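Coordinates as given in data.csv (CSV, C-alpha atoms):
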```csv
chain,number,residue,atom,x,y,z
G,29,MET,CA,131.5,269.8,-71.2
G,30,GLY,CA,134.4,272.3,-70.8
G,31,GLN,CA,132.0,275.2,-70.4
G,32,GLN,CA,130.1,273.3,-67.7
G,33,GLN,CA,133.3,272.5,-65.8
G,34,LEU,CA,134.5,276.2,-66.0
G,35,LEU,CA,131.1,277.3,-64.6
G,36,LEU,CA,131.4,274.8,-61.7
G,37,ILE,CA,134.9,276.1,-60.9
G,38,VAL,CA,133.8,279.7,-60.9
G,39,LEU,CA,130.8,278.8,-58.7
G,40,SER,CA,133.1,276.9,-56.3
G,41,VAL,CA,135.4,279.8,-56.0
G,42,ILE,CA,132.5,282.2,-55.2
G,43,ILE,CA,131.2,279.8,-52.5
G,44,VAL,CA,134.6,279.4,-50.9
G,45,GLY,CA,135.1,283.2,-51.0
G,46,ILE,CA,131.8,283.8,-49.3
G,47,ALA,CA,132.6,281.1,-46.6
G,48,VAL,CA,136.0,282.8,-45.9
G,49,VAL,CA,134.4,286.2,-45.5
G,50,VAL,CA,131.7,284.8,-43.2
G,51,GLY,CA,134.4,283.0,-41.2
G,52,ILE,CA,136.5,286.2,-40.8
G,53,ASN,CA,133.4,288.2,-39.6
G,54,MET,CA,132.5,285.5,-37.1
G,55,PHE,CA,136.1,285.5,-35.7
G,56,ASN,CA,136.1,289.3,-35.3
G,57,ASP,CA,132.7,289.2,-33.6
G,58,GLN,CA,133.9,286.6,-31.2
G,59,ALA,CA,137.1,288.6,-30.4
G,60,ALA,CA,135.1,291.7,-29.6
G,61,SER,CA,132.6,289.6,-27.5
G,62,SER,CA,135.5,288.0,-25.6
G,63,ASN,CA,137.1,291.4,-25.0
G,64,LEU,CA,133.8,292.8,-23.6
G,65,ASP,CA,133.5,289.8,-21.3
G,66,ALA,CA,137.1,290.3,-20.1
G,67,VAL,CA,136.5,294.1,-19.5
G,68,THR,CA,133.3,293.3,-17.6
G,69,GLU,CA,135.2,290.8,-15.4
G,70,ASP,CA,137.9,293.3,-14.6
G,71,LEU,CA,135.3,295.9,-13.8
G,72,VAL,CA,133.5,293.6,-11.3
G,73,ASN,CA,136.9,292.9,-9.7
G,74,LEU,CA,137.5,296.7,-9.4
G,75,ALA,CA,134.0,297.1,-8.0
G,76,SER,CA,134.8,294.5,-5.3
G,77,ARG,CA,138.0,296.5,-4.5
G,78,ALA,CA,135.9,299.6,-4.2
G,79,GLN,CA,133.5,297.9,-1.8
G,80,GLN,CA,136.5,296.8,0.3
G,81,HIS,CA,137.8,300.4,0.3
G,82,TYR,CA,134.4,301.6,1.4
G,83,ARG,CA,134.4,299.2,4.4
G,84,ARG,CA,138.0,299.7,5.4
G,85,PRO,CA,138.5,302.2,8.3
G,86,THR,CA,140.2,305.5,7.4
G,87,ALA,CA,142.9,304.7,9.9
G,88,MET,CA,143.9,301.8,7.7
G,89,GLY,CA,143.8,303.8,4.5
G,90,GLY,CA,140.2,303.1,3.6
G,91,GLY,CA,137.1,305.1,3.0
G,92,GLY,CA,135.5,304.6,6.4
G,93,GLY,CA,132.0,304.1,5.0
G,94,SER,CA,132.4,306.5,2.0
G,95,PHE,CA,133.5,306.3,-1.6
G,96,SER,CA,134.6,310.0,-1.6
G,97,LEU,CA,138.4,309.2,-1.8
G,98,LEU,CA,137.8,307.5,-5.1
G,99,THR,CA,138.1,310.6,-7.3
G,100,ASN,CA,138.1,310.6,-11.1
G,101,ASN,CA,141.9,311.0,-11.4
G,102,ALA,CA,145.0,308.9,-11.0
G,103,ALA,CA,145.1,309.4,-7.2
G,104,GLY,CA,141.5,308.1,-6.8
G,105,LEU,CA,142.1,305.1,-9.0
G,106,ALA,CA,145.3,304.3,-7.1
G,107,TYR,CA,143.1,303.1,-4.2
G,108,LEU,CA,141.8,300.4,-6.4
G,109,THR,CA,144.7,299.4,-8.7
G,110,THR,CA,148.3,300.2,-9.5
G,111,GLN,CA,147.8,299.3,-13.2
G,112,PRO,CA,144.8,300.9,-14.8
G,113,THR,CA,145.7,299.4,-18.2
G,114,ASN,CA,146.0,295.8,-19.1
G,115,GLU,CA,145.7,293.6,-22.2
G,116,ASN,CA,141.9,293.8,-21.9
G,117,GLY,CA,141.6,297.6,-21.8
G,118,THR,CA,141.9,300.8,-19.9
G,119,TYR,CA,140.0,301.6,-16.7
G,120,SER,CA,139.1,304.8,-15.0
G,121,ILE,CA,136.7,306.3,-12.5
G,122,LYS,CA,134.0,307.9,-14.6
G,123,THR,CA,132.0,309.5,-11.8
G,124,ALA,CA,133.9,310.5,-8.7
G,125,GLY,CA,132.8,308.7,-5.5
G,126,ASN,CA,130.6,310.3,-2.9
G,127,GLY,CA,129.3,309.0,0.3
G,128,THR,CA,127.2,306.3,-1.4
G,129,THR,CA,128.3,305.4,-4.9
G,130,VAL,CA,131.1,305.5,-7.5
G,131,VAL,CA,131.1,304.7,-11.3
G,132,ILE,CA,134.0,302.9,-12.9
G,133,GLN,CA,134.5,302.7,-16.7
G,134,GLY,CA,136.4,300.2,-18.8
G,135,VAL,CA,137.3,300.7,-22.5
G,136,GLY,CA,138.4,297.5,-24.2
G,137,SER,CA,140.9,296.9,-26.9
G,138,GLU,CA,138.5,295.7,-29.6
G,139,ASP,CA,135.9,297.6,-31.7
G,140,GLY,CA,132.9,295.2,-31.8
G,141,ASP,CA,130.5,297.1,-34.0
G,142,GLY,CA,132.9,298.8,-36.4
G,143,ASP,CA,131.9,302.4,-35.3
G,144,GLY,CA,135.4,303.4,-34.4
G,145,THR,CA,134.8,303.2,-30.6
G,146,ASN,CA,136.1,300.3,-28.7
G,147,VAL,CA,133.9,298.1,-26.5
G,148,THR,CA,133.0,300.1,-23.3
G,149,ALA,CA,131.3,299.0,-20.1
G,150,GLU,CA,130.6,300.7,-16.8
G,151,VAL,CA,129.9,299.5,-13.3
G,152,GLY,CA,128.0,301.4,-10.6
G,153,VAL,CA,129.2,300.5,-7.1
G,154,TRP,CA,127.2,300.9,-3.9
G,155,ALA,CA,128.1,299.6,-0.5
G,156,ASP,CA,126.0,296.4,-0.9
G,157,SER,CA,125.6,296.0,-4.7
G,158,VAL,CA,127.0,296.6,-8.2
G,159,SER,CA,125.3,297.3,-11.5
G,160,VAL,CA,127.1,296.6,-14.8
G,161,SER,CA,126.0,298.3,-18.0
G,162,ILE,CA,127.3,298.0,-21.5
G,163,VAL,CA,127.9,301.4,-23.1
G,164,ASN,CA,129.2,300.3,-26.5
G,165,ARG,CA,129.5,296.8,-28.1
```
Show this structure as structure tokens.
Amino acid sequence: MGQQQLLLIVLSVIIVGIAVVVGINMFNDQAASSNLDAVTEDLVNLASRAQQHYRRPTAMGGGGGSFSLLTNNAAGLAYLTTQPTNENGTYSIKTAGNGTTVVIQGVGSEDGDGDGTNVTAEVGVWADSVSVSIVNR
């Protein structure tokens, strides 16, 4: 009887250990997924600001029908936001704007797939549409 009880205790400890590991993995996956969602939401907001910039007349500090002022440096990003970093991630202009398009990139604060690269998304912005793509989960 003592040997059977010892076997049940060992089996219980193994099952609880596996449950804890699975729970931790699920939590980490959810954190990365939430971070990717937040980065994507921020990118859509920046895309909206880029479209506003596109439509605003140059006399009022806008692009006057062009994305060309949105360069891939701090000066270009300053047209869209004063804080390119927040708790969700860091944002930059990946491909400098031209007359018709600009590409904005967001790098999150979580590494979703354990490859050493944080979650990353991009949004392509045109005058009348946006296109979000996930670069790294």
Quote the spacing between atom CA of Gly93 of chain G and atom CA of Thr68 of chain G in Å to one decimal place.
->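 Those two atoms sit 25.1 Å apart.
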In terms of the shortest atom-to-atom distance over all atoms listed in the file, which of G:Gly152, G:Pro112, G:Gly127, G:Gly104 is closest to Tyr82 of chain G?
->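 Once distances to Tyr82 of chain G are computed over all atoms listed in the file, the minimum belongs to G:Gly127.
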Atomic distance atom CA of Thr128 of chain G - atom CA of Ser96 of chain G, expressed in Å with one decimal = 8.3 Å
Quick one: residues within 10 Å of Asp141 of chain G, all atoms listed in the file counted, chain neighbours fewer than 3 positions away excluded, as a PyMOL selection string?
-> chain G and resi 56-57+60+138+144-147+164-165
Answer as a PyMOL selection string, residues within 9 Å of (137.2, 300.1, -20.5) using only C-alpha atoms = chain G and resi 64+67-68+71+113+116-120+132-137+146-150
One decimal, Å: what's the distance from atom CA of Leu39 of chain G over to atom CA of Asn53 of chain G, could you say?
-> 21.4 Å
Residues within 10 Å of Tyr107 of chain G, please, as a short mmCIF file (atom, residue, chain, number, x, y, z; two decimals) with C-alpha atoms, in the coordinates of the input. Count all atoms listed in the file; anything in the same chain fewer than 4 positions from it doesn't count.
```cif
data_model
loop_
_atom_site.label_atom_id
_atom_site.label_comp_id
_atom_site.auth_asym_id
_atom_site.auth_seq_id
_atom_site.Cartn_x
_atom_site.Cartn_y
_atom_site.Cartn_z
CA LEU G 74 137.50 296.70 -9.40
CA ARG G 77 138.00 296.50 -4.50
CA ALA G 78 135.90 299.60 -4.20
CA HIS G 81 137.80 300.40 0.30
CA GLY G 89 143.80 303.80 4.50
CA GLY G 90 140.20 303.10 3.60
CA GLY G 91 137.10 305.10 3.00
CA LEU G 97 138.40 309.20 -1.80
CA LEU G 98 137.80 307.50 -5.10
CA THR G 99 138.10 310.60 -7.30
CA ALA G 102 145.00 308.90 -11.00
CA ALA G 103 145.10 309.40 -7.20
#
```
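The closest residue to Asp156 of chain G, picked from G:Ala87, G:Ala75, G:Leu34, G:Val49 and counting all atoms listed in the file, is G:Ala75.
For the choices G:Asn114, G:Thr123, G:Gln79, G:Asp143, the atom-to-atom distance to Val158 of chain G is smallest for G:Gln79 when using all atoms listed in the file.
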Could you please fill out segment 124-145 of chain G with N, CA, C and O atoms and send it back as a tab-separated table (two decimals), keeping the file's coordinate frame?
```tsv
chain	number	residue	atom	x	y	z
G	124	ALA	N	133.23	310.49	-9.95
G	124	ALA	CA	133.90	310.50	-8.70
G	124	ALA	C	133.01	309.98	-7.57
G	124	ALA	O	131.80	310.22	-7.58
G	125	GLY	N	133.61	309.28	-6.64
G	125	GLY	CA	132.80	308.70	-5.50
G	125	GLY	C	132.32	309.77	-4.60
G	125	GLY	O	132.90	310.84	-4.43
G	126	ASN	N	131.19	309.47	-4.01
G	126	ASN	CA	130.60	310.30	-2.90
G	126	ASN	C	130.38	309.40	-1.76
G	126	ASN	O	130.97	308.34	-1.66
G	127	GLY	N	129.51	309.78	-0.89
G	127	GLY	CA	129.30	309.00	0.30
G	127	GLY	C	128.66	307.61	-0.01
G	127	GLY	O	128.86	306.65	0.72
G	128	THR	N	127.93	307.48	-1.14
G	128	THR	CA	127.20	306.30	-1.40
G	128	THR	C	127.51	305.50	-2.64
G	128	THR	O	127.18	304.33	-2.76
G	129	THR	N	128.13	306.13	-3.63
G	129	THR	CA	128.30	305.40	-4.90
G	129	THR	C	129.57	305.97	-5.65
G	129	THR	O	130.06	307.06	-5.39
G	130	VAL	N	130.03	305.13	-6.60
G	130	VAL	CA	131.10	305.50	-7.50
G	130	VAL	C	130.85	304.74	-8.82
G	130	VAL	O	130.27	303.65	-8.80
G	131	VAL	N	131.24	305.32	-9.96
G	131	VAL	CA	131.10	304.70	-11.30
G	131	VAL	C	132.44	304.48	-11.89
G	131	VAL	O	133.21	305.44	-12.04
G	132	ILE	N	132.75	303.23	-12.26
G	132	ILE	CA	134.00	302.90	-12.90
G	132	ILE	C	133.78	302.48	-14.32
G	132	ILE	O	132.83	301.76	-14.61
G	133	GLN	N	134.64	302.95	-15.23
G	133	GLN	CA	134.50	302.70	-16.70
G	133	GLN	C	135.65	301.87	-17.19
G	133	GLN	O	136.79	302.08	-16.78
G	134	GLY	N	135.37	300.96	-18.11
G	134	GLY	CA	136.40	300.20	-18.80
G	134	GLY	C	136.23	300.29	-20.29
G	134	GLY	O	135.13	300.09	-20.81
G	135	VAL	N	137.31	300.63	-20.99
G	135	VAL	CA	137.30	300.70	-22.50
G	135	VAL	C	138.20	299.61	-22.97
G	135	VAL	O	139.39	299.58	-22.67
G	136	GLY	N	137.63	298.68	-23.72
G	136	GLY	CA	138.40	297.50	-24.20
G	136	GLY	C	139.31	297.82	-25.34
G	136	GLY	O	139.46	298.97	-25.78
G	137	SER	N	139.94	296.78	-25.86
G	137	SER	CA	140.90	296.90	-26.90
G	137	SER	C	140.36	296.53	-28.30
G	137	SER	O	141.07	296.60	-29.29
G	138	GLU	N	139.08	296.13	-28.36
G	138	GLU	CA	138.50	295.70	-29.60
G	138	GLU	C	137.28	296.62	-29.96
G	138	GLU	O	136.59	297.10	-29.08
G	139	ASP	N	137.07	296.83	-31.26
G	139	ASP	CA	135.90	297.60	-31.70
G	139	ASP	C	134.90	296.56	-32.27
G	139	ASP	O	135.04	296.04	-33.36
G	140	GLY	N	133.88	296.29	-31.47
G	140	GLY	CA	132.90	295.20	-31.80
G	140	GLY	C	131.99	295.53	-32.92
G	140	GLY	O	131.66	294.67	-33.73
G	141	ASP	N	131.51	296.77	-33.03
G	141	ASP	CA	130.50	297.10	-34.00
G	141	ASP	C	131.02	297.91	-35.19
G	141	ASP	O	130.25	298.35	-36.04
G	142	GLY	N	132.32	298.15	-35.24
G	142	GLY	CA	132.90	298.80	-36.40
G	142	GLY	C	132.61	300.33	-36.43
G	142	GLY	O	132.77	300.95	-37.48
G	143	ASP	N	132.20	300.93	-35.32
G	143	ASP	CA	131.90	302.40	-35.30
G	143	ASP	C	133.05	303.24	-34.95
G	143	ASP	O	132.90	304.45	-34.84
G	144	GLY	N	134.21	302.65	-34.74
G	144	GLY	CA	135.40	303.40	-34.40
G	144	GLY	C	135.60	303.60	-32.90
G	144	GLY	O	136.57	304.19	-32.47
G	145	THR	N	134.66	303.10	-32.09
G	145	THR	CA	134.80	303.20	-30.60
G	145	THR	C	134.88	301.78	-30.07
G	145	THR	O	134.09	300.92	-30.40
```
